[in-house]
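> Shown below is the structure under consideration.
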Amino acid sequence: MAKVVVLGAGISGHTASALLKKKLGKKHEVVVITPNSYYHWIPSNIWIGVGRMTIDQVRFRLDKRYSKVGIIYKQAKAISFHPEGDTDTEKGFVTIEYTGQDKVGEVEKVDYDFLINATGPALKFAATEGLGPENNTVSVCTYDHAAHAWKKLQESIAKMEKGEKQKFLIGVGHPGATCQGAAFEYILNVAYELKKRKLSHLAEIKWITNEFEIGDFGMGGAYIKRGGYITSTKTFAESFLKQRDITWLKRAGVKKVEPGKVHYELLDGTTGEETFDFAMLIPAFSGPGFTAFDKKGEDITAKVFAPNGFMKVDADYTKKPFEQWSAADWPLTYQNPDYANIFAAGIAFAPPHSISKPMTSPNGTAIFPAPPRTGMPSGVTGKVVAENIIDWIKTGEPKMKHKASMAKMGAACIISAGYGMLNGAAASMTVSPIVQDWDKYPEYGRDLSNTIGEAGLAGHWLKWFMHYMFLHKAKGYPFWWLIPE
Amino acid sequence: MEKEIKRTIAYSEESYPPMPTKATLFWRRCIIWQAWRWLVLNIKIMKIVVGGHS
(Lines give C-alpha, C1' and ligand atoms only; values in the text may rest on other atoms or scores of the structure.)
Protein backbone atom coordinates (compact mmCIF):
# COMPACT_ATOMS: atom_id res chain seq x y z
CA MET A 1 0.00 0.00 0.00
CA ALA A 2 1.37 3.43 -0.96
CA LYS A 3 0.76 6.56 1.08
CA VAL A 4 0.44 9.89 -0.71
CA VAL A 5 0.39 13.01 1.42
CA VAL A 6 -0.95 16.23 -0.08
CA LEU A 7 -0.21 19.51 1.69
CA GLY A 8 -2.96 21.96 0.85
CA ALA A 9 -6.58 21.76 -0.24
CA GLY A 10 -6.77 24.67 -2.62
CA ILE A 11 -7.35 24.40 -6.35
CA SER A 12 -4.12 22.47 -6.90
CA GLY A 13 -4.03 20.25 -3.82
CA HIS A 14 -7.73 19.42 -3.93
CA THR A 15 -7.54 18.54 -7.63
CA ALA A 16 -4.58 16.27 -6.91
CA SER A 17 -6.10 14.49 -3.91
CA ALA A 18 -9.47 13.93 -5.62
CA LEU A 19 -7.80 12.41 -8.66
CA LEU A 20 -5.43 10.31 -6.56
CA LYS A 21 -8.29 8.79 -4.57
CA LYS A 22 -10.42 8.20 -7.63
CA LYS A 23 -7.69 6.32 -9.48
CA LEU A 24 -5.93 4.61 -6.56
CA GLY A 25 -9.09 3.54 -4.75
CA LYS A 26 -9.08 1.93 -1.32
CA LYS A 27 -5.84 0.04 -1.91
CA HIS A 28 -3.69 3.09 -1.27
CA GLU A 29 -3.83 5.90 1.26
CA VAL A 30 -4.35 9.56 0.41
CA VAL A 31 -3.84 12.06 3.21
CA VAL A 32 -4.68 15.77 2.90
CA ILE A 33 -3.11 18.17 5.38
CA THR A 34 -4.41 21.73 5.41
CA PRO A 35 -4.87 24.34 8.14
CA ASN A 36 -8.25 25.21 6.64
CA SER A 37 -11.57 23.55 7.33
CA TYR A 38 -13.09 24.78 4.07
CA TYR A 39 -12.41 24.50 0.38
CA HIS A 40 -12.44 27.97 -1.09
CA TRP A 41 -13.12 29.03 -4.69
CA ILE A 42 -10.84 32.05 -4.66
CA PRO A 43 -11.73 33.60 -8.09
CA SER A 44 -15.14 34.62 -6.73
CA ASN A 45 -13.70 36.60 -3.80
CA ILE A 46 -14.05 39.69 -5.98
CA TRP A 47 -17.81 39.35 -5.84
CA ILE A 48 -17.76 39.01 -2.05
CA GLY A 49 -15.74 42.22 -2.01
CA VAL A 50 -18.55 44.12 -3.74
CA GLY A 51 -21.41 42.40 -1.94
CA ARG A 52 -22.56 40.23 -4.82
CA MET A 53 -21.79 36.90 -3.14
CA THR A 54 -21.55 35.72 0.43
CA ILE A 55 -18.75 33.76 2.05
CA ASP A 56 -20.83 30.59 2.08
CA GLN A 57 -21.30 30.78 -1.68
CA VAL A 58 -17.57 30.33 -2.29
CA ARG A 59 -16.72 27.60 0.19
CA PHE A 60 -17.73 24.20 1.56
CA ARG A 61 -16.50 22.00 4.40
CA LEU A 62 -13.66 19.66 3.59
CA ASP A 63 -14.26 17.04 6.28
CA LYS A 64 -17.51 15.75 4.83
CA ARG A 65 -16.15 15.72 1.28
CA TYR A 66 -13.05 13.79 2.26
CA SER A 67 -14.73 11.30 4.59
CA LYS A 68 -17.21 10.49 1.81
CA VAL A 69 -14.42 9.30 -0.49
CA GLY A 70 -12.02 7.92 2.09
CA ILE A 71 -9.38 10.64 2.05
CA ILE A 72 -7.71 11.04 5.44
CA TYR A 73 -8.02 14.69 6.41
CA LYS A 74 -5.79 16.40 8.98
CA GLN A 75 -6.58 20.02 9.78
CA ALA A 76 -3.05 21.16 10.43
CA LYS A 77 -0.28 23.32 9.05
CA ALA A 78 2.99 21.85 7.85
CA ILE A 79 6.05 23.03 9.78
CA SER A 80 9.10 21.18 8.49
CA PHE A 81 10.13 18.74 5.80
CA HIS A 82 12.31 15.69 6.48
CA PRO A 83 12.74 14.07 3.06
CA GLU A 84 15.42 11.61 4.28
CA GLY A 85 13.64 10.59 7.45
CA ASP A 86 15.62 10.87 10.65
CA THR A 87 17.55 8.64 13.02
CA ASP A 88 14.36 6.76 13.83
CA THR A 89 12.96 6.22 10.33
CA GLU A 90 14.11 5.83 6.76
CA LYS A 91 10.86 7.19 5.36
CA GLY A 92 10.46 10.86 4.54
CA PHE A 93 8.02 12.74 6.73
CA VAL A 94 6.63 16.20 7.45
CA THR A 95 5.96 17.61 10.89
CA ILE A 96 2.59 19.24 11.27
CA GLU A 97 0.81 21.27 13.94
CA TYR A 98 -2.95 20.88 14.26
CA THR A 99 -5.18 23.92 13.80
CA GLY A 100 -8.45 22.12 14.43
CA GLN A 101 -10.16 18.76 14.97
CA ASP A 102 -9.90 19.32 18.78
CA LYS A 103 -6.14 18.98 18.60
CA VAL A 104 -5.04 22.60 18.24
CA GLY A 105 -1.33 22.94 18.92
CA GLU A 106 -0.57 19.22 18.79
CA VAL A 107 2.48 18.30 16.74
CA GLU A 108 2.66 15.12 14.68
CA LYS A 109 5.03 13.42 12.27
CA VAL A 110 3.34 12.26 9.07
CA ASP A 111 5.39 9.95 6.88
CA TYR A 112 4.80 9.41 3.19
CA ASP A 113 5.80 7.47 0.12
CA PHE A 114 4.97 10.48 -2.04
CA LEU A 115 4.53 14.10 -1.02
CA ILE A 116 2.76 16.85 -2.95
CA ASN A 117 3.44 20.33 -1.68
CA ALA A 118 0.42 22.38 -2.80
CA THR A 119 0.24 24.87 0.03
CA GLY A 120 -0.14 28.00 -2.05
CA PRO A 121 1.48 31.26 -0.99
CA ALA A 122 1.83 33.14 2.24
CA LEU A 123 0.35 36.64 2.06
CA LYS A 124 3.20 38.93 3.02
CA PHE A 125 1.36 42.02 4.18
CA ALA A 126 4.24 42.67 6.57
CA ALA A 127 6.59 43.22 3.60
CA THR A 128 4.96 46.65 3.18
CA GLU A 129 4.71 48.78 6.31
CA GLY A 130 1.10 49.58 7.12
CA LEU A 131 -0.44 47.29 4.52
CA GLY A 132 -3.30 44.92 5.12
CA PRO A 133 -6.69 44.49 6.77
CA GLU A 134 -5.11 44.68 10.23
CA ASN A 135 -3.68 48.06 9.25
CA ASN A 136 -4.73 50.58 6.65
CA THR A 137 -5.89 48.75 3.53
CA VAL A 138 -8.34 46.02 2.59
CA SER A 139 -7.68 42.86 0.62
CA VAL A 140 -9.62 40.31 -1.45
CA CYS A 141 -7.13 37.47 -1.04
CA THR A 142 -9.29 35.41 1.35
CA TYR A 143 -13.04 35.29 1.80
CA ASP A 144 -12.78 36.91 5.23
CA HIS A 145 -10.67 39.71 3.78
CA ALA A 146 -13.14 40.17 0.91
CA ALA A 147 -16.08 40.36 3.33
CA HIS A 148 -14.19 42.99 5.31
CA ALA A 149 -13.49 44.88 2.05
CA TRP A 150 -17.22 44.91 1.29
CA LYS A 151 -17.92 46.30 4.76
CA LYS A 152 -15.41 49.11 4.19
CA LEU A 153 -16.76 49.74 0.69
CA GLN A 154 -20.25 50.11 2.10
CA GLU A 155 -18.93 52.75 4.52
CA SER A 156 -17.56 54.72 1.58
CA ILE A 157 -20.81 54.29 -0.33
CA ALA A 158 -22.78 55.57 2.67
CA LYS A 159 -20.60 58.70 2.75
CA MET A 160 -21.12 59.24 -0.96
CA GLU A 161 -24.87 58.88 -0.56
CA LYS A 162 -24.64 61.87 1.77
CA GLY A 163 -22.82 63.84 -0.91
CA GLU A 164 -19.25 63.30 0.27
CA LYS A 165 -16.53 62.61 -2.33
CA GLN A 166 -14.43 59.49 -1.90
CA LYS A 167 -11.12 58.43 -3.40
CA PHE A 168 -10.59 54.75 -4.19
CA LEU A 169 -7.03 53.49 -4.65
CA ILE A 170 -6.87 49.90 -5.88
CA GLY A 171 -3.96 47.82 -7.16
CA VAL A 172 -0.90 46.17 -5.71
CA GLY A 173 0.79 47.09 -2.44
CA HIS A 174 4.36 45.93 -2.93
CA PRO A 175 7.01 46.56 -5.62
CA GLY A 176 7.15 42.80 -6.35
CA ALA A 177 3.49 41.88 -5.92
CA THR A 178 1.57 39.67 -8.34
CA CYS A 179 -2.15 39.05 -8.90
CA GLN A 180 -2.65 42.26 -10.83
CA GLY A 181 -5.57 40.52 -12.58
CA ALA A 182 -7.52 40.09 -9.35
CA ALA A 183 -6.94 43.71 -8.36
CA PHE A 184 -7.95 44.81 -11.87
CA GLU A 185 -11.18 42.83 -11.51
CA TYR A 186 -11.86 44.50 -8.22
CA ILE A 187 -11.36 48.05 -9.46
CA LEU A 188 -13.68 47.40 -12.41
CA ASN A 189 -16.33 45.92 -10.10
CA VAL A 190 -16.09 48.85 -7.68
CA ALA A 191 -16.56 51.27 -10.60
CA TYR A 192 -19.55 49.20 -11.80
CA GLU A 193 -21.20 49.20 -8.38
CA LEU A 194 -20.73 52.94 -7.94
CA LYS A 195 -22.17 53.62 -11.39
CA LYS A 196 -25.14 51.36 -10.63
CA ARG A 197 -25.82 53.49 -7.55
CA LYS A 198 -25.40 56.72 -9.58
CA LEU A 199 -22.47 57.76 -7.39
CA SER A 200 -19.71 57.87 -10.01
CA HIS A 201 -19.65 61.68 -10.01
CA LEU A 202 -18.51 61.61 -6.36
CA ALA A 203 -15.78 59.02 -6.91
CA GLU A 204 -12.17 59.38 -7.89
CA ILE A 205 -10.88 55.90 -8.74
CA LYS A 206 -7.20 55.25 -9.31
CA TRP A 207 -5.29 52.10 -10.30
CA ILE A 208 -1.81 51.74 -8.78
CA THR A 209 0.45 49.05 -10.18
CA ASN A 210 4.05 47.86 -10.41
CA GLU A 211 3.50 46.87 -14.05
CA PHE A 212 5.71 48.58 -16.62
CA GLU A 213 2.61 49.05 -18.75
CA ILE A 214 -1.06 48.52 -17.92
CA GLY A 215 -2.17 45.11 -19.15
CA ASP A 216 1.11 43.39 -18.27
CA PHE A 217 -0.65 41.28 -15.61
CA GLY A 218 2.65 39.75 -14.58
CA MET A 219 2.95 37.83 -17.85
CA GLY A 220 4.65 40.49 -19.93
CA GLY A 221 1.34 41.45 -21.50
CA ALA A 222 0.11 39.76 -24.66
CA TYR A 223 -0.80 40.51 -28.25
CA ILE A 224 -4.40 39.99 -29.35
CA LYS A 225 -6.44 40.65 -32.47
CA ARG A 226 -8.90 43.49 -31.86
CA GLY A 227 -10.74 45.80 -34.24
CA GLY A 228 -8.77 44.90 -37.32
CA TYR A 229 -5.40 45.20 -35.58
CA ILE A 230 -2.98 42.99 -33.69
CA THR A 231 -2.67 45.05 -30.56
CA SER A 232 -1.20 44.83 -27.10
CA THR A 233 -3.13 44.09 -23.92
CA LYS A 234 -1.84 47.50 -22.81
CA THR A 235 -4.34 49.08 -25.21
CA PHE A 236 -7.06 46.58 -24.25
CA ALA A 237 -6.67 47.12 -20.48
CA GLU A 238 -6.22 50.90 -20.67
CA SER A 239 -9.45 51.11 -22.64
CA PHE A 240 -11.28 49.38 -19.78
CA LEU A 241 -9.95 51.93 -17.32
CA LYS A 242 -10.56 54.94 -19.52
CA GLN A 243 -14.14 53.89 -20.22
CA ARG A 244 -14.78 53.99 -16.48
CA ASP A 245 -12.89 57.25 -15.80
CA ILE A 246 -10.26 55.36 -13.84
CA THR A 247 -6.84 57.00 -13.84
CA TRP A 248 -3.68 55.10 -13.22
CA LEU A 249 -0.18 55.15 -11.80
CA LYS A 250 2.11 52.54 -13.30
CA ARG A 251 5.71 51.45 -12.58
CA ALA A 252 4.98 52.19 -8.91
CA GLY A 253 6.29 50.21 -5.97
CA VAL A 254 4.33 50.86 -2.80
CA LYS A 255 6.77 51.15 0.09
CA LYS A 256 4.62 52.25 3.01
CA VAL A 257 0.99 52.83 3.89
CA GLU A 258 -0.29 55.26 6.50
CA PRO A 259 -3.93 55.93 7.34
CA GLY A 260 -5.25 57.55 4.17
CA LYS A 261 -1.91 57.75 2.39
CA VAL A 262 0.32 55.49 0.31
CA HIS A 263 4.04 56.18 -0.25
CA TYR A 264 5.55 54.80 -3.43
CA GLU A 265 8.67 54.84 -5.53
CA LEU A 266 8.52 54.95 -9.32
CA LEU A 267 10.83 53.08 -11.65
CA ASP A 268 12.57 56.36 -12.51
CA GLY A 269 13.59 56.67 -8.87
CA THR A 270 11.23 59.49 -7.93
CA THR A 271 8.94 59.08 -4.97
CA GLY A 272 5.42 60.23 -4.35
CA GLU A 273 2.29 59.87 -2.29
CA GLU A 274 -1.32 59.06 -3.04
CA THR A 275 -4.12 59.77 -0.63
CA PHE A 276 -7.15 57.52 -0.34
CA ASP A 277 -10.41 57.03 1.49
CA PHE A 278 -10.62 53.36 0.46
CA ALA A 279 -7.64 51.27 -0.60
CA MET A 280 -7.51 47.63 -1.75
CA LEU A 281 -3.91 46.63 -2.36
CA ILE A 282 -2.67 43.10 -3.03
CA PRO A 283 0.38 42.13 -0.93
CA ALA A 284 3.56 40.37 -2.01
CA PHE A 285 3.46 36.56 -1.92
CA SER A 286 6.11 34.20 -0.64
CA GLY A 287 6.41 30.57 0.30
CA PRO A 288 4.99 29.71 3.74
CA GLY A 289 8.41 29.65 5.39
CA PHE A 290 8.98 25.91 5.77
CA THR A 291 12.27 24.46 6.93
CA ALA A 292 13.83 21.20 5.77
CA PHE A 293 16.29 18.85 7.49
CA ASP A 294 18.35 15.89 6.37
CA LYS A 295 18.60 12.56 8.12
CA LYS A 296 21.13 13.84 10.62
CA GLY A 297 19.01 16.89 11.42
CA GLU A 298 21.17 19.32 9.43
CA ASP A 299 19.29 22.26 7.92
CA ILE A 300 18.79 21.74 4.15
CA THR A 301 16.14 24.44 3.67
CA ALA A 302 18.22 26.22 1.02
CA LYS A 303 18.59 22.94 -0.88
CA VAL A 304 14.86 22.22 -1.02
CA PHE A 305 13.41 25.74 -1.19
CA ALA A 306 14.29 28.83 -3.21
CA PRO A 307 15.07 32.06 -1.29
CA ASN A 308 11.46 33.19 -1.82
CA GLY A 309 10.26 30.13 0.15
CA PHE A 310 8.76 28.25 -2.81
CA MET A 311 9.88 24.68 -3.46
CA LYS A 312 12.47 23.90 -6.12
CA VAL A 313 11.30 21.65 -8.94
CA ASP A 314 12.58 20.58 -12.37
CA ALA A 315 13.13 24.16 -13.57
CA ASP A 316 16.34 25.82 -14.73
CA TYR A 317 17.25 28.15 -11.86
CA THR A 318 20.50 29.37 -13.46
CA LYS A 319 20.74 33.13 -13.03
CA LYS A 320 20.66 34.71 -16.48
CA PRO A 321 19.62 38.01 -18.03
CA PHE A 322 16.12 38.50 -19.43
CA GLU A 323 17.41 38.25 -23.01
CA GLN A 324 18.58 34.69 -22.34
CA TRP A 325 15.38 33.42 -20.76
CA SER A 326 13.88 30.47 -22.53
CA ALA A 327 10.67 28.45 -22.53
CA ALA A 328 12.85 25.47 -21.57
CA ASP A 329 13.57 27.14 -18.20
CA TRP A 330 10.09 26.22 -16.99
CA PRO A 331 9.35 22.93 -15.22
CA LEU A 332 7.50 20.02 -16.82
CA THR A 333 6.74 17.54 -14.06
CA TYR A 334 7.10 19.70 -10.89
CA GLN A 335 9.30 17.07 -9.30
CA ASN A 336 11.91 18.12 -6.75
CA PRO A 337 15.36 17.54 -8.29
CA ASP A 338 16.91 16.09 -5.11
CA TYR A 339 14.01 14.08 -3.72
CA ALA A 340 12.19 12.30 -6.53
CA ASN A 341 9.12 11.45 -4.45
CA ILE A 342 8.41 15.10 -3.62
CA PHE A 343 6.46 17.38 -5.95
CA ALA A 344 5.30 20.99 -5.74
CA ALA A 345 2.17 22.05 -7.61
CA GLY A 346 0.15 25.21 -8.03
CA ILE A 347 1.69 28.32 -6.52
CA ALA A 348 3.95 26.26 -4.23
CA PHE A 349 6.64 25.60 -6.84
CA ALA A 350 9.50 28.04 -7.32
CA PRO A 351 9.38 29.53 -10.82
CA PRO A 352 12.78 29.86 -12.56
CA HIS A 353 12.27 33.62 -12.86
CA SER A 354 9.46 36.06 -13.48
CA ILE A 355 7.59 36.22 -16.77
CA SER A 356 7.66 40.03 -16.94
CA LYS A 357 11.05 41.65 -17.45
CA PRO A 358 12.81 42.53 -14.17
CA MET A 359 13.05 46.29 -13.72
CA THR A 360 15.04 48.14 -11.07
CA SER A 361 14.95 51.81 -10.13
CA PRO A 362 18.16 53.87 -9.89
CA ASN A 363 17.81 53.43 -6.11
CA GLY A 364 18.04 49.65 -6.51
CA THR A 365 14.36 48.92 -5.89
CA ALA A 366 13.07 46.03 -7.97
CA ILE A 367 9.68 47.18 -9.30
CA PHE A 368 8.05 44.53 -11.47
CA PRO A 369 5.36 41.85 -11.07
CA ALA A 370 6.11 38.37 -9.80
CA PRO A 371 4.72 35.63 -12.08
CA PRO A 372 1.02 34.83 -11.67
CA ARG A 373 0.29 31.10 -11.26
CA THR A 374 -3.29 31.00 -10.13
CA GLY A 375 -6.42 29.25 -11.31
CA MET A 376 -6.11 27.11 -14.37
CA PRO A 377 -2.36 26.33 -14.24
CA SER A 378 -2.74 25.45 -10.54
CA GLY A 379 -5.41 22.88 -11.33
CA VAL A 380 -3.49 21.50 -14.31
CA THR A 381 -0.20 21.13 -12.42
CA GLY A 382 -2.04 19.43 -9.54
CA LYS A 383 -3.58 17.00 -12.02
CA VAL A 384 -0.32 16.24 -13.81
CA VAL A 385 1.57 15.62 -10.56
CA ALA A 386 -1.22 13.29 -9.39
CA GLU A 387 -1.23 11.40 -12.71
CA ASN A 388 2.54 10.84 -12.54
CA ILE A 389 2.33 9.55 -8.97
CA ILE A 390 -0.56 7.26 -9.90
CA ASP A 391 1.49 5.80 -12.77
CA TRP A 392 4.49 5.37 -10.49
CA ILE A 393 2.45 3.53 -7.87
CA LYS A 394 0.71 1.29 -10.40
CA THR A 395 3.77 0.42 -12.47
CA GLY A 396 6.51 0.74 -9.87
CA GLU A 397 8.43 3.05 -12.19
CA PRO A 398 8.76 6.85 -12.27
CA LYS A 399 7.74 7.23 -15.89
CA MET A 400 6.86 10.95 -15.56
CA LYS A 401 5.06 10.91 -18.91
CA HIS A 402 2.55 13.58 -17.88
CA LYS A 403 3.90 17.04 -18.42
CA ALA A 404 2.53 20.58 -18.16
CA SER A 405 4.97 23.38 -18.82
CA MET A 406 3.65 26.90 -18.40
CA ALA A 407 5.57 27.66 -21.58
CA LYS A 408 3.39 25.16 -23.44
CA MET A 409 0.00 25.25 -21.71
CA GLY A 410 -2.56 27.93 -22.21
CA ALA A 411 -4.85 29.49 -19.67
CA ALA A 412 -8.06 31.43 -19.57
CA CYS A 413 -8.45 34.48 -17.40
CA ILE A 414 -11.89 35.99 -17.01
CA ILE A 415 -11.66 39.48 -15.53
CA SER A 416 -15.07 40.46 -14.23
CA ALA A 417 -16.08 44.05 -14.91
CA GLY A 418 -19.43 43.98 -13.14
CA TYR A 419 -21.92 41.44 -11.84
CA GLY A 420 -25.19 41.18 -13.71
CA MET A 421 -26.73 38.55 -15.96
CA LEU A 422 -28.08 41.24 -18.31
CA ASN A 423 -25.85 44.23 -17.56
CA GLY A 424 -22.65 42.66 -16.35
CA ALA A 425 -19.42 42.44 -18.25
CA ALA A 426 -16.00 40.88 -18.24
CA ALA A 427 -12.79 40.81 -20.22
CA SER A 428 -12.37 37.24 -21.42
CA MET A 429 -8.75 36.46 -22.11
CA THR A 430 -6.90 33.36 -23.15
CA VAL A 431 -3.14 33.20 -23.48
CA SER A 432 -1.34 30.32 -25.10
CA PRO A 433 1.19 29.62 -23.87
CA ILE A 434 1.13 31.36 -20.49
CA VAL A 435 4.88 32.01 -20.62
CA GLN A 436 5.98 33.44 -23.95
CA ASP A 437 8.00 31.19 -26.21
CA TRP A 438 9.88 33.62 -28.45
CA ASP A 439 11.69 30.77 -30.20
CA LYS A 440 8.47 29.11 -31.32
CA TYR A 441 6.52 32.37 -31.84
CA PRO A 442 9.20 34.97 -32.71
CA GLU A 443 6.77 37.68 -33.80
CA TYR A 444 4.34 37.85 -30.86
CA GLY A 445 5.65 35.37 -28.28
CA ARG A 446 2.42 33.37 -28.27
CA ASP A 447 0.03 31.58 -30.61
CA LEU A 448 -2.23 34.40 -31.84
CA SER A 449 -5.05 32.05 -32.78
CA ASN A 450 -5.31 30.95 -29.12
CA THR A 451 -4.42 34.25 -27.45
CA ILE A 452 -7.51 36.39 -27.39
CA GLY A 453 -9.14 39.17 -25.46
CA GLU A 454 -12.68 40.36 -25.73
CA ALA A 455 -15.09 42.35 -23.65
CA GLY A 456 -18.75 41.61 -23.12
CA LEU A 457 -21.61 40.04 -21.22
CA ALA A 458 -20.47 36.56 -22.31
CA GLY A 459 -17.45 36.94 -20.05
CA HIS A 460 -19.62 37.50 -17.03
CA TRP A 461 -21.68 34.42 -17.87
CA LEU A 462 -18.42 32.47 -18.26
CA LYS A 463 -17.10 33.49 -14.85
CA TRP A 464 -20.47 32.85 -13.21
CA PHE A 465 -20.72 29.46 -14.93
CA MET A 466 -17.18 28.53 -13.92
CA HIS A 467 -17.96 29.41 -10.30
CA TYR A 468 -20.74 26.80 -10.13
CA MET A 469 -19.02 24.31 -12.41
CA PHE A 470 -15.76 24.22 -10.45
CA LEU A 471 -17.56 24.06 -7.12
CA HIS A 472 -19.56 21.13 -8.53
CA LYS A 473 -16.25 19.49 -9.44
CA ALA A 474 -14.60 20.24 -6.11
CA LYS A 475 -17.58 18.91 -4.14
CA GLY A 476 -17.34 15.64 -6.03
CA TYR A 477 -20.88 15.84 -7.37
CA PRO A 478 -21.94 13.48 -10.19
CA PHE A 479 -19.59 13.38 -13.16
CA TRP A 480 -17.18 15.81 -11.49
CA TRP A 481 -14.29 14.01 -13.13
CA LEU A 482 -15.55 15.02 -16.59
CA ILE A 483 -14.89 18.69 -15.89
CA PRO A 484 -11.38 19.66 -17.04
CA GLU A 485 -9.14 21.85 -14.89
CA MET B 1 -29.93 66.69 -15.29
CA GLU B 2 -27.69 66.92 -18.39
CA LYS B 3 -24.84 64.45 -18.45
CA GLU B 4 -21.59 66.31 -17.74
CA ILE B 5 -19.12 65.93 -20.60
CA LYS B 6 -15.67 65.42 -19.22
CA ARG B 7 -12.95 67.46 -20.90
CA THR B 8 -10.05 65.43 -22.24
CA ILE B 9 -6.70 66.58 -20.96
CA ALA B 10 -4.59 66.62 -24.07
CA TYR B 11 -1.34 64.63 -23.90
CA SER B 12 -2.35 62.94 -20.61
CA GLU B 13 -1.85 59.17 -20.32
CA GLU B 14 -5.60 58.75 -20.22
CA SER B 15 -6.14 60.62 -23.49
CA TYR B 16 -4.62 57.91 -25.69
CA PRO B 17 -6.46 54.59 -25.11
CA PRO B 18 -9.44 53.74 -27.31
CA MET B 19 -13.01 54.26 -26.13
CA PRO B 20 -15.69 51.83 -27.31
CA THR B 21 -18.26 53.32 -29.66
CA LYS B 22 -22.02 53.07 -29.06
CA ALA B 23 -22.19 50.23 -31.57
CA THR B 24 -19.41 48.35 -29.75
CA LEU B 25 -21.20 48.80 -26.44
CA PHE B 26 -24.41 47.54 -28.01
CA TRP B 27 -22.79 44.33 -29.25
CA ARG B 28 -21.11 43.79 -25.87
CA ARG B 29 -24.57 43.58 -24.28
CA CYS B 30 -26.61 42.06 -27.14
CA ILE B 31 -27.95 38.85 -25.60
CA ILE B 32 -28.07 36.88 -28.86
CA TRP B 33 -24.58 37.87 -29.96
CA GLN B 34 -23.11 37.33 -26.49
CA ALA B 35 -24.77 33.91 -26.23
CA TRP B 36 -22.92 32.95 -29.42
CA ARG B 37 -19.68 34.38 -28.05
CA TRP B 38 -20.18 32.44 -24.80
CA LEU B 39 -20.37 29.24 -26.79
CA VAL B 40 -17.31 30.09 -28.91
CA LEU B 41 -15.27 31.11 -25.88
CA ASN B 42 -16.24 27.94 -23.98
CA ILE B 43 -15.06 25.76 -26.85
CA LYS B 44 -11.85 27.72 -27.26
CA ILE B 45 -11.04 27.54 -23.56
CA MET B 46 -11.79 23.81 -23.48
CA LYS B 47 -9.43 23.19 -26.43
CA ILE B 48 -6.69 25.26 -24.83
CA VAL B 49 -6.95 23.55 -21.44
CA VAL B 50 -7.19 20.00 -22.74
CA GLY B 51 -4.46 20.50 -25.32
CA GLY B 52 -2.04 22.21 -22.98
CA HIS B 53 -0.80 19.23 -21.04
CA SER B 54 -0.09 15.56 -21.61
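Residues in the C-alpha coordinates are named by chain (A, B, ... in the order shown) and by number from 1 within that chain; ligands are numbered from 1 in the order shown.
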Excluding Phe114 of chain A and residues on its chain fewer than 3 positions from it, collect all residues at most 9 Å away from it, counting only C-alpha atoms, and give them as a list in words.
Ala2, Lys3, Val4, Val5, Val6, Gly92, Asp111, Ala340, Asn341, Ile342, Phe343 and Ile389 of chain A
> List as a ChimeraX atom specification the protein and nucleic acid residues near segment 33-50 of chain B, meaning an atom at most 12 Å away when only C-alpha atoms are counted, but skip any in the same chain fewer than 6 places from it.
/A:375-381,383-384,404,406,408-414,421-434,447,449-466,482-485 /B:24-27
> With only C-alpha atoms as the basis for distance, which of A:Pro331, A:Gly382, A:Pro288, A:Gly420 is at the shortest distance from Ala407 of chain A?
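Of A:Pro331, A:Gly382, A:Pro288, A:Gly420, the one nearest Ala407 of chain A, counting only C-alpha atoms, is A:Pro331.
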> Would you please work out which residue, of B:Ile5, B:Met19, B:Ala10, B:Ile32, is nearest to chain A when using only C-alpha atoms?
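Closest residue, counting only C-alpha atoms: B:Met19.
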> Using only C-alpha atoms, find each residue of segment 1-53 of chain B with at least one atom at most 12 Å away from an atom of segment 235-246 of chain A; report its shortest atom-to-atom pair and that distance in Å (one decimal), sort the rows by chain and rising residue number, and return the result as a tab-separated table.

```
residue	atom	partner	partner_atom	distance
B:Ile5	CA	A:Asp245	CA	11.7
B:Lys6	CA	A:Asp245	CA	9.3
B:Arg7	CA	A:Asp245	CA	11.4
B:Thr8	CA	A:Asp245	CA	10.8
B:Ser12	CA	A:Lys242	CA	11.5
B:Glu13	CA	A:Glu238	CA	9.4
B:Glu14	CA	A:Lys242	CA	6.3
B:Ser15	CA	A:Lys242	CA	8.2
B:Tyr16	CA	A:Glu238	CA	8.8
B:Pro17	CA	A:Ser239	CA	5.2
B:Pro18	CA	A:Ser239	CA	5.4
B:Met19	CA	A:Ser239	CA	5.9
B:Pro20	CA	A:Gln243	CA	7.5
B:Thr21	CA	A:Gln243	CA	10.3
B:Lys22	CA	A:Gln243	CA	11.9
B:Leu25	CA	A:Gln243	CA	10.7
```
> So which bits of segment 203-287 of chain A end up helix (DSSP H, G or I) when you DSSP the backbone, as a count of residues only?
11
